[in-house]
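Next up, coords.tsv (TSV, C-alpha atoms):
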```
chain	number	residue	atom	x	y	z
A	1	LEU	CA	100.22	1.53	-34.61
A	2	GLU	CA	97.81	3.16	-36.87
A	3	LEU	CA	96.11	-0.08	-37.40
A	4	ILE	CA	95.71	-0.59	-33.66
A	5	SER	CA	94.32	2.89	-33.17
A	6	SER	CA	91.87	2.37	-36.07
A	7	PHE	CA	90.93	-0.92	-34.54
A	8	LYS	CA	90.28	0.78	-31.18
A	9	LYS	CA	88.09	3.40	-32.84
A	10	VAL	CA	86.10	0.81	-34.70
A	11	LEU	CA	85.88	-1.27	-31.54
A	12	GLY	CA	84.62	1.78	-29.56
A	13	ILE	CA	82.05	2.55	-32.26
A	14	ARG	CA	80.94	-1.08	-32.29
A	15	ARG	CA	80.71	-1.12	-28.51
A	16	ASP	CA	78.52	1.98	-28.59
A	17	VAL	CA	76.26	0.42	-31.24
A	18	VAL	CA	76.08	-2.88	-29.33
A	19	GLY	CA	75.39	-0.94	-26.09
A	20	THR	CA	72.59	1.02	-27.75
A	21	VAL	CA	71.12	-2.17	-29.19
A	22	ARG	CA	71.51	-3.87	-25.80
A	23	THR	CA	69.74	-0.96	-24.03
A	24	ARG	CA	66.95	-1.04	-26.57
A	25	LEU	CA	66.68	-4.78	-26.21
A	26	GLN	CA	66.56	-4.49	-22.42
A	27	LYS	CA	63.82	-1.86	-22.64
A	28	GLY	CA	61.88	-4.11	-25.03
A	29	LEU	CA	62.28	-7.07	-22.66
A	30	ASP	CA	61.15	-4.91	-19.73
A	31	ALA	CA	58.12	-3.76	-21.74
A	32	LEU	CA	57.31	-7.38	-22.69
A	33	GLY	CA	57.64	-8.39	-19.02
A	34	ALA	CA	55.33	-5.58	-17.93
A	35	ALA	CA	52.85	-6.53	-20.68
A	36	ALA	CA	53.00	-10.18	-19.60
A	37	TYR	CA	52.34	-9.11	-16.00
A	38	ALA	CA	49.40	-6.93	-17.10
A	39	VAL	CA	47.99	-9.76	-19.25
A	40	ALA	CA	48.30	-12.16	-16.31
A	41	ASN	CA	46.46	-9.67	-14.05
A	42	MET	CA	43.74	-9.20	-16.69
A	43	GLU	CA	43.36	-12.97	-17.02
A	44	ASN	CA	42.98	-13.22	-13.24
A	45	GLU	CA	40.38	-10.42	-13.28
A	46	ILE	CA	38.50	-12.13	-16.13
A	47	LYS	CA	38.54	-15.43	-14.23
A	48	ALA	CA	37.34	-13.64	-11.09
A	49	LYS	CA	34.55	-11.86	-13.02
A	50	GLN	CA	33.53	-14.97	-14.99
A	51	PRO	CA	30.80	-16.01	-12.45
A	52	VAL	CA	29.40	-12.47	-12.49
A	53	LEU	CA	29.41	-12.58	-16.29
A	54	GLU	CA	27.58	-15.93	-16.28
A	55	GLN	CA	25.02	-14.61	-13.80
A	56	THR	CA	24.54	-11.47	-15.91
A	57	LYS	CA	24.05	-13.68	-18.99
A	58	LYS	CA	21.35	-15.63	-17.14
A	59	GLN	CA	19.65	-12.41	-16.02
A	60	VAL	CA	19.77	-11.03	-19.56
A	61	ALA	CA	18.29	-14.29	-20.90
A	62	GLU	CA	15.49	-14.16	-18.29
A	63	MET	CA	14.92	-10.50	-19.07
A	64	MET	CA	14.71	-11.30	-22.78
A	65	VAL	CA	12.02	-13.90	-22.01
A	66	VAL	CA	10.09	-11.31	-19.99
A	67	ILE	CA	10.56	-8.72	-22.74
A	68	THR	CA	9.33	-11.21	-25.35
A	69	GLU	CA	6.26	-11.96	-23.23
A	70	ASP	CA	5.66	-8.25	-22.68
A	71	LYS	CA	5.97	-7.66	-26.43
A	72	ALA	CA	3.37	-10.36	-27.06
A	73	LYS	CA	1.06	-8.84	-24.44
A	74	ALA	CA	1.64	-5.39	-25.89
A	75	ALA	CA	0.79	-6.68	-29.35
A	76	VAL	CA	-2.46	-8.16	-28.02
A	77	THR	CA	-3.23	-4.92	-26.18
A	78	LYS	CA	-2.40	-2.89	-29.28
A	79	GLU	CA	-4.68	-5.11	-31.35
A	80	SER	CA	-7.42	-4.69	-28.76
A	81	CYS	CA	-6.88	-0.92	-28.73
A	82	VAL	CA	-7.06	-0.79	-32.52
A	83	LYS	CA	-10.32	-2.76	-32.40
A	84	VAL	CA	-11.76	-0.50	-29.68
A	85	GLU	CA	-10.59	2.56	-31.61
A	86	SER	CA	-12.31	1.36	-34.78
A	87	GLU	CA	-15.50	0.61	-32.82
A	88	ALA	CA	-15.30	4.05	-31.19
A	89	LYS	CA	-14.86	5.64	-34.61
A	90	ILE	CA	-17.92	3.78	-35.89
A	91	GLN	CA	-19.90	4.91	-32.84
A	92	ALA	CA	-18.62	8.47	-33.29
A	93	ASP	CA	-19.73	8.39	-36.93
A	94	GLU	CA	-23.13	7.05	-35.87
A	95	ALA	CA	-23.38	9.70	-33.15
A	96	SER	CA	-22.45	12.35	-35.69
A	97	GLY	CA	-25.17	11.08	-38.01
A	98	ILE	CA	-27.69	11.09	-35.15
A	99	LYS	CA	-26.58	14.59	-34.19
A	100	GLU	CA	-27.00	15.84	-37.75
A	101	GLU	CA	-30.43	14.20	-37.98
A	102	ALA	CA	-31.44	15.66	-34.60
A	103	GLU	CA	-30.25	19.12	-35.66
A	104	LYS	CA	-32.21	18.78	-38.89
A	105	GLU	CA	-35.35	17.74	-36.98
A	106	LEU	CA	-34.76	20.54	-34.46
A	107	ASN	CA	-34.46	23.07	-37.28
A	108	GLU	CA	-37.72	21.73	-38.70
A	109	ALA	CA	-39.41	21.87	-35.26
A	110	LEU	CA	-38.20	25.34	-34.25
A	111	PRO	CA	-40.70	27.22	-36.45
A	112	ALA	CA	-43.54	25.17	-34.94
A	113	LEU	CA	-42.17	25.89	-31.47
A	114	ASN	CA	-42.10	29.62	-32.22
A	115	VAL	CA	-45.70	29.46	-33.43
A	116	ALA	CA	-46.68	27.53	-30.28
A	117	GLU	CA	-44.95	30.11	-28.08
A	118	LYS	CA	-46.83	32.92	-29.79
A	119	ALA	CA	-50.10	31.02	-29.36
A	120	LEU	CA	-49.26	30.39	-25.70
A	121	LYS	CA	-48.56	34.08	-25.15
A	122	ALA	CA	-51.92	34.91	-26.72
A	123	LEU	CA	-53.70	32.53	-24.29
A	124	LYS	CA	-55.86	34.37	-21.75
A	125	LEU	CA	-57.08	33.41	-18.30
A	126	SER	CA	-60.70	33.79	-19.43
A	127	SER	CA	-60.09	31.20	-22.20
A	128	LEU	CA	-58.82	28.67	-19.65
A	129	GLN	CA	-61.79	29.33	-17.37
A	130	GLU	CA	-64.13	28.85	-20.32
A	131	ILE	CA	-62.46	25.49	-21.21
A	132	LYS	CA	-62.84	24.34	-17.59
A	133	VAL	CA	-66.64	24.62	-17.68
A	134	LEU	CA	-67.07	22.74	-20.97
A	135	GLY	CA	-69.06	19.53	-20.56
A	136	LYS	CA	-67.76	17.77	-23.64
A	137	PRO	CA	-64.75	19.60	-25.12
A	138	PRO	CA	-63.72	19.28	-28.79
A	139	ASP	CA	-61.05	16.70	-29.69
A	140	GLY	CA	-58.40	19.40	-30.23
A	141	VAL	CA	-58.97	20.73	-26.70
A	142	ARG	CA	-58.80	17.17	-25.28
A	143	LEU	CA	-55.52	16.52	-27.12
A	144	THR	CA	-54.03	19.80	-25.90
A	145	LEU	CA	-55.02	19.08	-22.29
A	146	GLU	CA	-53.60	15.56	-22.59
A	147	ALA	CA	-50.27	17.13	-23.62
A	148	VAL	CA	-50.51	19.55	-20.66
A	149	CYS	CA	-51.11	16.60	-18.31
A	150	VAL	CA	-48.11	14.75	-19.74
A	151	ILE	CA	-45.92	17.86	-19.38
A	152	PHE	CA	-46.93	18.36	-15.75
A	153	GLN	CA	-46.90	14.59	-15.05
A	154	VAL	CA	-50.58	14.38	-14.15
A	155	LYS	CA	-51.76	10.77	-14.31
A	156	PRO	CA	-54.94	10.06	-16.30
A	157	VAL	CA	-58.14	8.81	-14.71
A	158	LYS	CA	-59.02	5.22	-15.73
A	159	LYS	CA	-62.59	5.04	-17.07
A	160	ALA	CA	-64.63	2.36	-18.75
A	161	ASP	CA	-64.38	2.46	-22.55
A	162	PRO	CA	-67.85	3.34	-23.93
A	163	ASN	CA	-67.02	1.63	-27.26
A	164	ASN	CA	-65.52	-1.52	-25.78
A	165	PRO	CA	-67.16	-2.72	-22.52
A	166	GLY	CA	-64.82	-4.42	-20.08
A	167	LYS	CA	-61.80	-2.34	-21.11
A	168	LYS	CA	-60.55	0.82	-19.47
A	169	ILE	CA	-59.21	3.93	-21.19
A	170	ASP	CA	-57.09	6.84	-20.01
A	171	ASP	CA	-59.19	9.97	-19.48
A	172	PHE	CA	-56.98	13.06	-19.40
A	173	TRP	CA	-60.02	15.40	-19.54
A	174	GLU	CA	-61.14	14.55	-16.02
A	175	ALA	CA	-57.52	14.49	-14.81
A	176	SER	CA	-56.91	17.94	-16.33
A	177	GLN	CA	-60.01	19.37	-14.60
A	178	LYS	CA	-58.82	18.07	-11.23
A	179	GLY	CA	-55.19	18.98	-11.91
A	180	PRO	CA	-54.01	21.85	-14.14
A	181	LEU	CA	-57.45	23.42	-14.82
A	182	SER	CA	-58.36	23.51	-11.11
A	183	ASP	CA	-56.30	26.71	-10.88
A	184	PRO	CA	-56.23	28.34	-14.37
A	185	LYS	CA	-54.14	31.29	-13.16
A	186	LYS	CA	-51.40	28.98	-11.81
A	187	LEU	CA	-51.57	26.92	-15.02
A	188	LEU	CA	-51.01	30.05	-17.09
A	189	GLU	CA	-47.99	30.99	-14.93
A	190	ASP	CA	-46.57	27.45	-15.09
A	191	LEU	CA	-46.84	27.39	-18.88
A	192	PHE	CA	-44.54	30.42	-19.11
```

Target encoding structure tokens, full file:
Amino acid sequence: LELISSFKKVLGIRRDVVGTVRTRLQKGLDALGAAAYAVANMENEIKAKQPVLEQTKKQVAEMMVVITEDKAKAAVTKESCVKVESEAKIQADEASGIKEEAEKELNEALPALNVAEKALKALKLSSLQEIKVLGKPPDGVRLTLEAVCVIFQVKPVKKADPNNPGKKIDDFWEASQKGPLSDPKKLLEDLF
């Protein structure tokens, strides 16, 4: 009897172990079935999306061609910009040199301008009236009146050249008498 009761206990224990293993096995089979179903669905989705994927691949390839062309154009544009930039730098350097030279010449000319302004302020109406009545003015006076005519845009009178017959020369003396010296007071005001 004892042997039968031991056998029943061992049989019960074995049944429990086999039941647990069977339950685990069933759960594993259910999980494998669910995984197989999910894999089948994913395969169907992949097959359904395959044309979209192919079309996207084509679009990407076309876009890569466009990007490659754009890169080439950008490289050409960059090269052109670098060239223009270097030319602009050269021109800027030249302009800077011209500016420095002009400033140097201006600094050299400013003292002469100040002296000329002082001389101009010392000029009197009676001096201009005296110059107007001169028959044959000195060369310095002629040169000064030529500069005045140029400043006020008075055109010279064309006269025959006494030293070279057949040729004409510009006579600013006569032009200055008809122009700026015709009204010495106005000339004096215009000079200031």

8 Å contact set for Ser182 of chain A, only C-alpha atoms, chain neighbours under 5 positions out, as a list in words: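 Listed by chain and then number, they are Lys132, Ser176 and Gln177 of chain A.
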
Contacts of Pro156 of chain A within 9 Å, all atoms listed in the file, excl. fewer than 2 positions in-chain, as a list in words: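 So the residues in contact are Glu146, Cys149, Val150, Val154, Lys158, Ile169, Asp170, Asp171, Phe172, Trp173, Glu174, Ala175 and Ser176 of chain A.
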
Expected file contents, prior selection, C-alpha atoms, as a compact mmCIF listing (two decimals), in the frame of the given file:
```txt
# COMPACT_ATOMS: atom_id res chain seq x y z
CA GLU A 146 -53.60 15.56 -22.59
CA CYS A 149 -51.11 16.60 -18.31
CA VAL A 150 -48.11 14.75 -19.74
CA VAL A 154 -50.58 14.38 -14.15
CA LYS A 158 -59.02 5.22 -15.73
CA ILE A 169 -59.21 3.93 -21.19
CA ASP A 170 -57.09 6.84 -20.01
CA ASP A 171 -59.19 9.97 -19.48
CA PHE A 172 -56.98 13.06 -19.40
CA TRP A 173 -60.02 15.40 -19.54
CA GLU A 174 -61.14 14.55 -16.02
CA ALA A 175 -57.52 14.49 -14.81
CA SER A 176 -56.91 17.94 -16.33
```

Point-to-point distance from atom CA of Val157 of chain A to atom CA of Ala119 of chain A, Å rounded to tenths: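 Calculated distance between atom CA of Val157 of chain A and atom CA of Ala119 of chain A is 27.8 Å.
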
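Atom CA of Asp139 of chain A sits 23.1 Å away from atom CA of Asn114 of chain A.
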
Pull the closest atom pair for each residue of segment 78-178 of chain A that gets at most 12 Å from segment 183-188 of chain A, along with the distance in Å to one decimal, counting all atoms listed in the file, ordering rows by chain and then ascending residue number, as JSON lines.
```
{"residue": "A:Leu120", "atom": "CA", "partner": "A:Leu188", "partner_atom": "CA", "distance": 8.8}
{"residue": "A:Lys121", "atom": "CA", "partner": "A:Leu188", "partner_atom": "CA", "distance": 9.3}
{"residue": "A:Ala122", "atom": "CA", "partner": "A:Leu188", "partner_atom": "CA", "distance": 10.8}
{"residue": "A:Leu123", "atom": "CA", "partner": "A:Leu188", "partner_atom": "CA", "distance": 8.1}
{"residue": "A:Lys124", "atom": "CA", "partner": "A:Leu188", "partner_atom": "CA", "distance": 8.0}
{"residue": "A:Leu125", "atom": "CA", "partner": "A:Lys185", "partner_atom": "CA", "distance": 6.3}
{"residue": "A:Ser126", "atom": "CA", "partner": "A:Pro184", "partner_atom": "CA", "distance": 8.7}
{"residue": "A:Ser127", "atom": "CA", "partner": "A:Pro184", "partner_atom": "CA", "distance": 9.2}
{"residue": "A:Leu128", "atom": "CA", "partner": "A:Pro184", "partner_atom": "CA", "distance": 5.9}
{"residue": "A:Gln129", "atom": "CA", "partner": "A:Pro184", "partner_atom": "CA", "distance": 6.4}
{"residue": "A:Glu130", "atom": "CA", "partner": "A:Pro184", "partner_atom": "CA", "distance": 9.9}
{"residue": "A:Ile131", "atom": "CA", "partner": "A:Pro184", "partner_atom": "CA", "distance": 9.7}
{"residue": "A:Lys132", "atom": "CA", "partner": "A:Pro184", "partner_atom": "CA", "distance": 8.4}
{"residue": "A:Val133", "atom": "CA", "partner": "A:Pro184", "partner_atom": "CA", "distance": 11.5}
{"residue": "A:Leu145", "atom": "CA", "partner": "A:Leu187", "partner_atom": "CA", "distance": 11.2}
{"residue": "A:Val148", "atom": "CA", "partner": "A:Leu187", "partner_atom": "CA", "distance": 9.3}
{"residue": "A:Cys149", "atom": "CA", "partner": "A:Leu187", "partner_atom": "CA", "distance": 10.8}
{"residue": "A:Ile151", "atom": "CA", "partner": "A:Leu187", "partner_atom": "CA", "distance": 11.5}
{"residue": "A:Phe152", "atom": "CA", "partner": "A:Leu187", "partner_atom": "CA", "distance": 9.8}
{"residue": "A:Ser176", "atom": "CA", "partner": "A:Asp183", "partner_atom": "CA", "distance": 10.3}
{"residue": "A:Gln177", "atom": "CA", "partner": "A:Asp183", "partner_atom": "CA", "distance": 9.0}
{"residue": "A:Lys178", "atom": "CA", "partner": "A:Asp183", "partner_atom": "CA", "distance": 9.0}
```

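You will find atom CA of Pro180 of chain A at 25.1 Å from atom CA of Pro162 of chain A.
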